[in-house]
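A.B. asks: Sharing protein_39.pdb below, PDB, C-alpha atoms, pLDDT in the B column:
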```
ATOM      1  CA  MET A   1       0.000   0.000   0.000  1.00 58.00           C
ATOM      2  CA  GLN A   2       2.979   2.325   0.614  1.00 60.00           C
ATOM      3  CA  PHE A   3       3.858   1.890  -3.070  1.00 61.00           C
ATOM      4  CA  LEU A   4       0.382   3.087  -4.050  1.00 61.00           C
ATOM      5  CA  ASN A   5       0.793   6.227  -1.897  1.00 64.00           C
ATOM      6  CA  ASN A   6       4.131   7.150  -3.486  1.00 70.00           C
ATOM      7  CA  TYR A   7       2.788   7.218  -7.038  1.00 77.00           C
ATOM      8  CA  SER A   8      -0.085   9.073  -8.644  1.00 82.00           C
ATOM      9  CA  ASN A   9      -2.890   7.225 -10.402  1.00 84.00           C
ATOM     10  CA  ARG A  10      -1.410   8.203 -13.765  1.00 86.00           C
ATOM     11  CA  GLU A  11       2.079   6.935 -12.889  1.00 86.00           C
ATOM     12  CA  LEU A  12       0.681   3.634 -11.617  1.00 90.00           C
ATOM     13  CA  ASN A  13      -1.211   3.228 -14.881  1.00 90.00           C
ATOM     14  CA  ILE A  14       2.003   3.843 -16.845  1.00 90.00           C
ATOM     15  CA  TRP A  15       3.874   1.278 -14.699  1.00 91.00           C
ATOM     16  CA  ALA A  16       1.074  -1.193 -15.395  1.00 92.00           C
ATOM     17  CA  GLU A  17       1.282  -0.455 -19.155  1.00 91.00           C
ATOM     18  CA  LEU A  18       5.034  -1.033 -19.059  1.00 91.00           C
ATOM     19  CA  ALA A  19       4.586  -4.307 -17.166  1.00 92.00           C
ATOM     20  CA  LEU A  20       1.982  -5.368 -19.729  1.00 91.00           C
ATOM     21  CA  ASP A  21       4.392  -4.637 -22.604  1.00 89.00           C
ATOM     22  CA  ILE A  22       7.129  -6.676 -20.923  1.00 89.00           C
ATOM     23  CA  LEU A  23       4.743  -9.522 -20.036  1.00 90.00           C
ATOM     24  CA  VAL A  24       3.407  -9.721 -23.592  1.00 88.00           C
ATOM     25  CA  SER A  25       6.932  -9.538 -25.089  1.00 85.00           C
ATOM     26  CA  VAL A  26       8.277 -12.295 -22.827  1.00 87.00           C
ATOM     27  CA  TYR A  27       5.235 -14.538 -23.397  1.00 88.00           C
ATOM     28  CA  PHE A  28       5.305 -13.938 -27.152  1.00 83.00           C
ATOM     29  CA  VAL A  29       9.044 -14.609 -27.538  1.00 81.00           C
ATOM     30  CA  PHE A  30       8.909 -17.752 -25.357  1.00 85.00           C
ATOM     31  CA  ARG A  31       6.041 -19.145 -27.435  1.00 85.00           C
ATOM     32  CA  ILE A  32       7.484 -18.153 -30.833  1.00 80.00           C
ATOM     33  CA  TYR A  33      11.111 -19.150 -30.251  1.00 76.00           C
ATOM     34  CA  PRO A  34      10.583 -22.972 -30.159  1.00 79.00           C
ATOM     35  CA  LEU A  35       8.581 -22.747 -33.407  1.00 77.00           C
ATOM     36  CA  ILE A  36      11.403 -20.913 -35.163  1.00 71.00           C
ATOM     37  CA  ILE A  37      14.039 -23.328 -33.821  1.00 70.00           C
ATOM     38  CA  ASN A  38      12.040 -26.421 -34.854  1.00 72.00           C
ATOM     39  CA  ASP A  39      11.088 -24.860 -38.196  1.00 68.00           C
ATOM     40  CA  GLN A  40       7.357 -25.079 -37.443  1.00 70.00           C
ATOM     41  CA  PHE A  41       6.702 -21.433 -38.101  1.00 67.00           C
ATOM     42  CA  TYR A  42       3.432 -21.580 -39.978  1.00 69.00           C
ATOM     43  CA  SER A  43       0.399 -19.271 -39.953  1.00 68.00           C
ATOM     44  CA  GLU A  44      -1.940 -21.445 -37.872  1.00 77.00           C
ATOM     45  CA  ALA A  45       0.521 -21.688 -34.989  1.00 78.00           C
ATOM     46  CA  LEU A  46       1.175 -17.932 -35.115  1.00 77.00           C
ATOM     47  CA  VAL A  47      -2.555 -17.113 -35.088  1.00 79.00           C
ATOM     48  CA  HIS A  48      -2.971 -19.347 -32.030  1.00 84.00           C
ATOM     49  CA  ILE A  49      -0.122 -17.552 -30.225  1.00 85.00           C
ATOM     50  CA  ILE A  50      -1.433 -14.086 -31.140  1.00 81.00           C
ATOM     51  CA  LEU A  51      -4.927 -15.018 -29.899  1.00 86.00           C
ATOM     52  CA  SER A  52      -3.640 -16.343 -26.568  1.00 89.00           C
ATOM     53  CA  THR A  53      -1.467 -13.217 -26.184  1.00 86.00           C
ATOM     54  CA  VAL A  54      -4.477 -10.958 -26.743  1.00 87.00           C
ATOM     55  CA  ILE A  55      -6.555 -12.928 -24.195  1.00 91.00           C
ATOM     56  CA  ILE A  56      -3.767 -12.673 -21.589  1.00 90.00           C
ATOM     57  CA  ALA A  57      -3.469  -8.919 -22.249  1.00 89.00           C
ATOM     58  CA  ILE A  58      -7.239  -8.426 -21.818  1.00 93.00           C
ATOM     59  CA  ILE A  59      -7.371 -10.416 -18.543  1.00 93.00           C
ATOM     60  CA  TYR A  60      -4.308  -8.559 -17.220  1.00 92.00           C
ATOM     61  CA  SER A  61      -5.834  -5.179 -18.165  1.00 92.00           C
ATOM     62  CA  ILE A  62      -9.147  -5.914 -16.452  1.00 94.00           C
ATOM     63  CA  ILE A  63      -7.483  -7.069 -13.212  1.00 93.00           C
ATOM     64  CA  ILE A  64      -4.560  -4.639 -12.909  1.00 92.00           C
ATOM     65  CA  PHE A  65      -6.062  -1.427 -14.328  1.00 91.00           C
ATOM     66  CA  GLY A  66      -9.308  -2.154 -12.472  1.00 92.00           C
ATOM     67  CA  THR A  67      -7.432  -2.539  -9.182  1.00 91.00           C
ATOM     68  CA  ILE A  68      -5.366   0.620  -9.700  1.00 90.00           C
ATOM     69  CA  ASN A  69      -8.373   2.739 -10.608  1.00 87.00           C
ATOM     70  CA  THR A  70     -10.370   1.371  -7.667  1.00 88.00           C
ATOM     71  CA  LEU A  71      -7.672   1.890  -5.032  1.00 86.00           C
ATOM     72  CA  THR A  72      -6.398   5.292  -6.198  1.00 84.00           C
ATOM     73  CA  LYS A  73      -8.202   8.463  -7.149  1.00 81.00           C
ATOM     74  CA  ARG A  74      -8.395   9.219 -10.875  1.00 81.00           C
ATOM     75  CA  GLU A  75      -7.131  12.660 -11.871  1.00 79.00           C
ATOM     76  CA  GLU A  76      -8.050  14.942 -14.747  1.00 82.00           C
ATOM     77  CA  LYS A  77      -5.200  15.558 -17.191  1.00 86.00           C
ATOM     78  CA  ASP A  78      -3.544  18.950 -16.966  1.00 89.00           C
ATOM     79  CA  GLU A  79      -1.091  20.783 -19.256  1.00 92.00           C
ATOM     80  CA  ARG A  80       1.933  18.935 -17.843  1.00 90.00           C
ATOM     81  CA  ASP A  81       0.336  15.570 -18.602  1.00 90.00           C
ATOM     82  CA  TYR A  82      -0.379  16.632 -22.187  1.00 93.00           C
ATOM     83  CA  ILE A  83       3.218  17.855 -22.672  1.00 93.00           C
ATOM     84  CA  TYR A  84       4.654  14.563 -21.394  1.00 92.00           C
ATOM     85  CA  GLU A  85       2.188  12.624 -23.499  1.00 92.00           C
ATOM     86  CA  LEU A  86       3.310  14.493 -26.622  1.00 95.00           C
ATOM     87  CA  LYS A  87       6.980  13.887 -25.802  1.00 94.00           C
ATOM     88  CA  SER A  88       6.345  10.181 -25.323  1.00 94.00           C
ATOM     89  CA  TYR A  89       4.361   9.919 -28.575  1.00 95.00           C
ATOM     90  CA  ARG A  90       7.249  11.592 -30.422  1.00 96.00           C
ATOM     91  CA  ILE A  91       9.741   9.023 -29.071  1.00 96.00           C
ATOM     92  CA  SER A  92       7.319   6.188 -29.785  1.00 96.00           C
ATOM     93  CA  ASN A  93       6.782   7.424 -33.345  1.00 97.00           C
ATOM     94  CA  ASN A  94      10.548   7.708 -33.928  1.00 97.00           C
ATOM     95  CA  ILE A  95      11.099   4.128 -32.746  1.00 96.00           C
ATOM     96  CA  PHE A  96       8.251   2.947 -34.986  1.00 96.00           C
ATOM     97  CA  GLN A  97       9.493   4.792 -38.081  1.00 97.00           C
ATOM     98  CA  ILE A  98      13.151   3.732 -37.682  1.00 97.00           C
ATOM     99  CA  SER A  99      12.128   0.109 -37.116  1.00 96.00           C
ATOM    100  CA  ILE A 100       9.859   0.087 -40.181  1.00 96.00           C
ATOM    101  CA  TYR A 101      12.604   1.587 -42.376  1.00 95.00           C
ATOM    102  CA  LEU A 102      15.041  -1.029 -41.033  1.00 94.00           C
ATOM    103  CA  LEU A 103      12.552  -3.787 -41.790  1.00 92.00           C
ATOM    104  CA  ILE A 104      12.063  -2.495 -45.347  1.00 92.00           C
ATOM    105  CA  GLY A 105      15.848  -2.322 -45.769  1.00 91.00           C
ATOM    106  CA  ILE A 106      16.300  -5.879 -44.488  1.00 88.00           C
ATOM    107  CA  ILE A 107      13.563  -7.201 -46.803  1.00 87.00           C
ATOM    108  CA  ILE A 108      15.196  -5.516 -49.832  1.00 87.00           C
ATOM    109  CA  PHE A 109      18.669  -6.674 -48.756  1.00 85.00           C
ATOM    110  CA  ASN A 110      17.317 -10.180 -48.316  1.00 83.00           C
ATOM    111  CA  THR A 111      15.822 -10.208 -51.791  1.00 81.00           C
ATOM    112  CA  LEU A 112      19.077  -9.015 -53.359  1.00 80.00           C
ATOM    113  CA  TYR A 113      21.441 -11.284 -51.441  1.00 75.00           C
ATOM    114  CA  GLN A 114      19.822 -14.700 -51.605  1.00 67.00           C
ATOM    115  CA  GLU A 115      17.730 -14.642 -48.473  1.00 64.00           C
ATOM    116  CA  TYR A 116      20.515 -13.887 -46.039  1.00 67.00           C
ATOM    117  CA  PHE A 117      18.060 -13.770 -43.116  1.00 69.00           C
ATOM    118  CA  GLY A 118      15.923 -16.701 -44.234  1.00 72.00           C
ATOM    119  CA  GLU A 119      12.618 -16.451 -46.067  1.00 74.00           C
ATOM    120  CA  PHE A 120      10.366 -13.549 -45.075  1.00 76.00           C
ATOM    121  CA  THR A 121       6.978 -15.236 -44.934  1.00 75.00           C
ATOM    122  CA  PRO A 122       3.820 -13.250 -44.029  1.00 76.00           C
ATOM    123  CA  PRO A 123       3.696 -14.779 -40.489  1.00 72.00           C
ATOM    124  CA  LYS A 124       7.314 -13.810 -39.914  1.00 77.00           C
ATOM    125  CA  ILE A 125       6.642 -10.234 -41.034  1.00 82.00           C
ATOM    126  CA  ALA A 126       3.540 -10.155 -38.812  1.00 77.00           C
ATOM    127  CA  MET A 127       5.694 -11.232 -35.863  1.00 79.00           C
ATOM    128  CA  ILE A 128       8.319  -8.580 -36.599  1.00 85.00           C
ATOM    129  CA  LEU A 129       5.589  -5.903 -36.856  1.00 87.00           C
ATOM    130  CA  LEU A 130       4.182  -7.020 -33.499  1.00 83.00           C
ATOM    131  CA  ILE A 131       7.639  -6.763 -31.925  1.00 86.00           C
ATOM    132  CA  ILE A 132       8.022  -3.264 -33.417  1.00 92.00           C
ATOM    133  CA  ALA A 133       4.635  -2.276 -31.941  1.00 90.00           C
ATOM    134  CA  LEU A 134       5.692  -3.584 -28.527  1.00 88.00           C
ATOM    135  CA  LEU A 135       9.038  -1.750 -28.715  1.00 91.00           C
ATOM    136  CA  SER A 136       7.273   1.448 -29.664  1.00 94.00           C
ATOM    137  CA  SER A 137       4.780   1.098 -26.799  1.00 91.00           C
ATOM    138  CA  THR A 138       7.558   0.343 -24.302  1.00 91.00           C
ATOM    139  CA  GLY A 139       9.440   3.433 -25.484  1.00 93.00           C
ATOM    140  CA  LYS A 140       6.314   5.520 -24.934  1.00 93.00           C
ATOM    141  CA  SER A 141       5.770   4.244 -21.380  1.00 91.00           C
ATOM    142  CA  LEU A 142       9.445   4.634 -20.435  1.00 92.00           C
ATOM    143  CA  THR A 143       9.556   8.228 -21.729  1.00 93.00           C
ATOM    144  CA  ARG A 144       6.451   9.168 -19.763  1.00 91.00           C
ATOM    145  CA  LEU A 145       7.777   7.576 -16.572  1.00 89.00           C
ATOM    146  CA  PHE A 146      11.148   9.274 -17.014  1.00 90.00           C
ATOM    147  CA  ASN A 147       9.498  12.684 -17.436  1.00 88.00           C
ATOM    148  CA  TYR A 148       7.203  12.246 -14.423  1.00 85.00           C
ATOM    149  CA  ARG A 149       9.956  10.932 -12.136  1.00 82.00           C
ATOM    150  CA  LYS A 150      12.623  13.521 -13.061  1.00 78.00           C
ATOM    151  CA  ASN A 151      10.385  16.305 -11.799  1.00 67.00           C
ATOM    152  CA  ILE A 152       9.701  14.826  -8.365  1.00 62.00           C
TER     153      ILE A 152
ATOM    154  CA  MET B   1      19.540  18.682 -16.410  1.00 55.00           C
ATOM    155  CA  LYS B   2      18.481  21.969 -18.005  1.00 63.00           C
ATOM    156  CA  GLU B   3      17.904  24.639 -15.364  1.00 66.00           C
ATOM    157  CA  GLN B   4      14.494  26.312 -15.414  1.00 68.00           C
ATOM    158  CA  ARG B   5      14.742  30.048 -16.015  1.00 82.00           C
ATOM    159  CA  ILE B   6      11.300  30.779 -14.630  1.00 87.00           C
ATOM    160  CA  LYS B   7      11.416  30.822 -10.845  1.00 91.00           C
ATOM    161  CA  ASN B   8       8.366  30.988  -8.618  1.00 92.00           C
ATOM    162  CA  GLN B   9       7.367  31.886  -5.081  1.00 94.00           C
ATOM    163  CA  ILE B  10       4.543  29.376  -4.775  1.00 95.00           C
ATOM    164  CA  ARG B  11       5.806  27.764  -1.579  1.00 94.00           C
ATOM    165  CA  ARG B  12       6.096  31.159   0.178  1.00 94.00           C
ATOM    166  CA  LEU B  13       2.739  32.305  -1.158  1.00 95.00           C
ATOM    167  CA  ARG B  14       1.074  29.102   0.072  1.00 95.00           C
ATOM    168  CA  PHE B  15       2.576  29.641   3.503  1.00 94.00           C
ATOM    169  CA  GLU B  16       1.329  33.229   3.583  1.00 93.00           C
ATOM    170  CA  ALA B  17      -2.115  32.151   2.400  1.00 92.00           C
ATOM    171  CA  ASN B  18      -2.917  30.514   5.712  1.00 89.00           C
ATOM    172  CA  GLU B  19      -0.689  27.520   4.909  1.00 91.00           C
ATOM    173  CA  MET B  20      -2.732  26.428   1.954  1.00 93.00           C
ATOM    174  CA  THR B  21      -2.037  22.788   1.081  1.00 93.00           C
ATOM    175  CA  GLN B  22      -0.734  21.628  -2.286  1.00 93.00           C
ATOM    176  CA  VAL B  23      -4.002  19.779  -2.849  1.00 92.00           C
ATOM    177  CA  GLU B  24      -6.048  22.947  -2.217  1.00 94.00           C
ATOM    178  CA  LEU B  25      -3.882  24.968  -4.587  1.00 95.00           C
ATOM    179  CA  ALA B  26      -4.054  22.204  -7.204  1.00 94.00           C
ATOM    180  CA  GLU B  27      -7.856  22.185  -7.021  1.00 92.00           C
ATOM    181  CA  LYS B  28      -8.112  25.976  -7.224  1.00 93.00           C
ATOM    182  CA  ALA B  29      -5.662  26.200 -10.151  1.00 94.00           C
ATOM    183  CA  ASN B  30      -7.261  23.196 -11.851  1.00 92.00           C
ATOM    184  CA  VAL B  31      -4.096  21.092 -12.099  1.00 93.00           C
ATOM    185  CA  THR B  32      -2.838  17.909 -10.439  1.00 89.00           C
ATOM    186  CA  ARG B  33      -0.940  17.917  -7.139  1.00 88.00           C
ATOM    187  CA  GLN B  34       2.082  16.492  -8.998  1.00 88.00           C
ATOM    188  CA  THR B  35       2.207  19.636 -11.138  1.00 91.00           C
ATOM    189  CA  ILE B  36       2.285  21.812  -8.003  1.00 93.00           C
ATOM    190  CA  ILE B  37       5.094  19.631  -6.586  1.00 91.00           C
ATOM    191  CA  ALA B  38       7.087  20.002  -9.825  1.00 90.00           C
ATOM    192  CA  LEU B  39       6.478  23.767  -9.849  1.00 93.00           C
ATOM    193  CA  GLU B  40       7.587  24.205  -6.236  1.00 93.00           C
ATOM    194  CA  ALA B  41      10.711  22.162  -6.923  1.00 90.00           C
ATOM    195  CA  GLN B  42      11.426  24.672  -9.765  1.00 89.00           C
ATOM    196  CA  LYS B  43      11.499  21.759 -12.216  1.00 88.00           C
ATOM    197  CA  TYR B  44       8.617  22.752 -14.442  1.00 89.00           C
ATOM    198  CA  SER B  45       7.828  26.023 -16.208  1.00 90.00           C
ATOM    199  CA  PRO B  46       4.074  26.591 -16.390  1.00 92.00           C
ATOM    200  CA  SER B  47       2.177  27.912 -19.384  1.00 93.00           C
ATOM    201  CA  LEU B  48       1.261  31.589 -19.304  1.00 94.00           C
ATOM    202  CA  GLU B  49      -2.354  30.677 -18.574  1.00 94.00           C
ATOM    203  CA  LEU B  50      -1.451  28.472 -15.598  1.00 95.00           C
ATOM    204  CA  ALA B  51       0.895  31.152 -14.258  1.00 95.00           C
ATOM    205  CA  PHE B  52      -1.980  33.677 -14.362  1.00 95.00           C
ATOM    206  CA  ARG B  53      -4.354  31.200 -12.697  1.00 95.00           C
ATOM    207  CA  ILE B  54      -1.918  30.575  -9.834  1.00 96.00           C
ATOM    208  CA  ALA B  55      -1.282  34.288  -9.342  1.00 95.00           C
ATOM    209  CA  LYS B  56      -5.053  34.816  -9.270  1.00 95.00           C
ATOM    210  CA  VAL B  57      -5.495  32.125  -6.595  1.00 95.00           C
ATOM    211  CA  PHE B  58      -3.120  34.068  -4.315  1.00 95.00           C
ATOM    212  CA  ASP B  59      -4.515  37.412  -5.478  1.00 94.00           C
ATOM    213  CA  VAL B  60      -1.061  38.764  -6.347  1.00 94.00           C
ATOM    214  CA  PRO B  61       0.394  40.251  -9.566  1.00 94.00           C
ATOM    215  CA  LEU B  62       1.984  37.716 -11.919  1.00 94.00           C
ATOM    216  CA  GLU B  63       5.496  39.078 -11.350  1.00 93.00           C
ATOM    217  CA  GLU B  64       5.221  38.484  -7.620  1.00 93.00           C
ATOM    218  CA  ALA B  65       4.475  34.802  -8.138  1.00 93.00           C
ATOM    219  CA  PHE B  66       6.827  34.201 -11.089  1.00 93.00           C
ATOM    220  CA  GLN B  67      10.181  35.711 -12.049  1.00 92.00           C
ATOM    221  CA  TYR B  68      12.256  35.265 -15.189  1.00 88.00           C
ATOM    222  CA  ASN B  69      16.023  34.969 -14.631  1.00 79.00           C
TER     223      ASN B  69
END
```
Step by step, read the file and then write its structure as structure tokens.
C.D. replies:
Amino acid sequence: MQFLNNYSNRELNIWAELALDILVSVYFVFRIYPLIINDQFYSEALVHIILSTVIIAIIYSIIIFGTINTLTKREEKDERDYIYELKSYRISNNIFQISIYLLIGIIIFNTLYQEYFGEFTPPKIAMILLIIALLSSTGKSLTRLFNYRKNI
Amino acid sequence: MKEQRIKNQIRRLRFEANEMTQVELAEKANVTRQTIIALEAQKYSPSLELAFRIAKVFDVPLEEAFQYN
């Protein structure tokens, strides 16, 4: 309970978002990795993993965000919140753009140099895009937390 | 860390205003308590509108609440 008193409702929500990103990343990688190693990386298996990941994320959100918003008082956003939100979206957008350009570069490189990274199948690209989305979201949460904490 | 060039007297003004709490000031200025904490720690420069709102809460001219160095 002391932890809840030290952080505002907004900060607790950001911590929970960050934990969700990490949880989803770890779960996703642990489920995907054996498929890649055993060369069983086909669409049906990937769809199953994505579905279970989404279900876990929904259950987590209901329990954790529900608890935080019940135990702590919700606050209206003020100008400082909007400024930090904008800063975090900028970082998140930069991570997203750079990652997408890198992915495009790798796909082109792969086509030119005899599939150096292995074949880029649609499920593989879907997985990479999901990882990029998670990275971008983690960057957003970390930037917001950094900005809130540096001013305390 | 970049030093804020806008300094404020919020802590002193709160003390002089019958020891107004941060929560009371936050409610009157329509911001969160965390914003008041950041302002008092001189780690956040408010918008012009917020600066005017805070000065109005204490019923003092803007330049008494905020100074530019």
A.B. asks: Quick one: everything within 12 Å of Ile68 in chain A, counting all atoms listed in the file, minus sequence neighbours fewer than 5 positions away in the same chain. Send it as a list of chain:residue names.
C.D. replies: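 Final neighbour list, sorted by chain and number: A:Met1, A:Phe3, A:Leu4, A:Asn5, A:Tyr7, A:Ser8, A:Asn9, A:Arg10, A:Glu11, A:Leu12, A:Asn13, A:Ile14, A:Trp15, A:Ala16, A:Glu17, A:Tyr60, A:Ser61, A:Ile62, A:Ile63, A:Lys73, A:Arg74.
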A.B. asks: Define the interface residues of chain A facing chain B as those within 9 Å, counting only C-alpha atoms, and report them as a PyMOL selection string.
C.D. replies: chain A and resi 8+75-81+148+150-152
A.B. asks: Any chance you could work out the residue set of the PyMOL selection byres ((chain A and resi 127) around 12) here, as a PyMOL selection string?
C.D. replies: chain A and resi 25+28-29+31-33+36+41-43+45-47+49-50+103+120-126+128-134
A.B. asks: If you measure from CA of Tyr89 in chain A to CA of Ala19 in chain A, what distance in Å do you get, rounded to one decimal?
C.D. replies: 18.2 Å
A.B. asks: Quick one: pull the distance between CA of Thr70 in chain A and CA of Ser136 in chain A, Å, one decimal.
C.D. replies: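 Interatomic distance, CA of Thr70 in chain A to CA of Ser136 in chain A: 28.2 Å.
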A.B. asks: So what do you get for CA of Ala17 in chain B versus CA of Tyr68 in chain B, distance-wise?
C.D. replies: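 CA of Tyr68 in chain B lies at a distance of 22.9 Å from CA of Ala17 in chain B.
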A.B. asks: Contacts of Lys28 in chain B at 12 Å or less, counting only C-alpha atoms, minus same-chain residues fewer than 6 places along, as a ChimeraX atom specification?
C.D. replies: /B:20-22,36,50,53-58
A.B. asks: Quick one: write out the picked residues with C-alpha atoms as a PDB file, in the frame of the given file?
C.D. replies:
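And here is the file that came out, result-v3.pdb:
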```pdb
ATOM      1  CA  MET B  20      -2.732  26.428   1.954  1.00 93.00           C
ATOM      2  CA  THR B  21      -2.037  22.788   1.081  1.00 93.00           C
ATOM      3  CA  GLN B  22      -0.734  21.628  -2.286  1.00 93.00           C
ATOM      4  CA  ILE B  36       2.285  21.812  -8.003  1.00 93.00           C
ATOM      5  CA  LEU B  50      -1.451  28.472 -15.598  1.00 95.00           C
ATOM      6  CA  ARG B  53      -4.354  31.200 -12.697  1.00 95.00           C
ATOM      7  CA  ILE B  54      -1.918  30.575  -9.834  1.00 96.00           C
ATOM      8  CA  ALA B  55      -1.282  34.288  -9.342  1.00 95.00           C
ATOM      9  CA  LYS B  56      -5.053  34.816  -9.270  1.00 95.00           C
ATOM     10  CA  VAL B  57      -5.495  32.125  -6.595  1.00 95.00           C
ATOM     11  CA  PHE B  58      -3.120  34.068  -4.315  1.00 95.00           C
TER      12      PHE B  58
END
```
A.B. asks: Apply the PyMOL selection byres ((chain B and resi 63) around 12) to the structure shown and report the selected residues as a ChimeraX atom specification.
C.D. replies: /B:6-10,48,51-52,54-56,59-62,64-69
A.B. asks: Write the residues of the preceding selection, restricted to C-alpha atoms, as a compact mmCIF listing (two decimals), in the frame of the given file.
C.D. replies:
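Resulting contents of again-v2.txt:
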```
# COMPACT_ATOMS: atom_id res chain seq x y z
CA ILE B 6 11.30 30.78 -14.63
CA LYS B 7 11.42 30.82 -10.84
CA ASN B 8 8.37 30.99 -8.62
CA GLN B 9 7.37 31.89 -5.08
CA ILE B 10 4.54 29.38 -4.78
CA LEU B 48 1.26 31.59 -19.30
CA ALA B 51 0.90 31.15 -14.26
CA PHE B 52 -1.98 33.68 -14.36
CA ILE B 54 -1.92 30.58 -9.83
CA ALA B 55 -1.28 34.29 -9.34
CA LYS B 56 -5.05 34.82 -9.27
CA ASP B 59 -4.51 37.41 -5.48
CA VAL B 60 -1.06 38.76 -6.35
CA PRO B 61 0.39 40.25 -9.57
CA LEU B 62 1.98 37.72 -11.92
CA GLU B 64 5.22 38.48 -7.62
CA ALA B 65 4.47 34.80 -8.14
CA PHE B 66 6.83 34.20 -11.09
CA GLN B 67 10.18 35.71 -12.05
CA TYR B 68 12.26 35.26 -15.19
CA ASN B 69 16.02 34.97 -14.63
```
A.B. asks: Could the centre and edge lengths of an axis-aligned box, enclosing all atoms of range 33-47 of chain B in the file with 4 Å extra on each side, be given in Å to one decimal as lines of an AutoDock Vina configuration file?
C.D. replies:
```
center_x = 5.3
center_y = 22.2
center_z = -12.8
size_x = 20.4
size_y = 19.4
size_z = 21.1
```
A.B. asks: As a list of chain:residue names, please: the residues near Gly139 in chain A (cut-off 9 Å, all atoms listed in the file, same-chain neighbours under 5 positions excluded).
C.D. replies: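 Using all atoms listed in the file, the neighbours found are A:Leu18, A:Ser88, A:Tyr89, A:Ile91, A:Ser92, A:Ile95, A:Leu134, A:Arg144.
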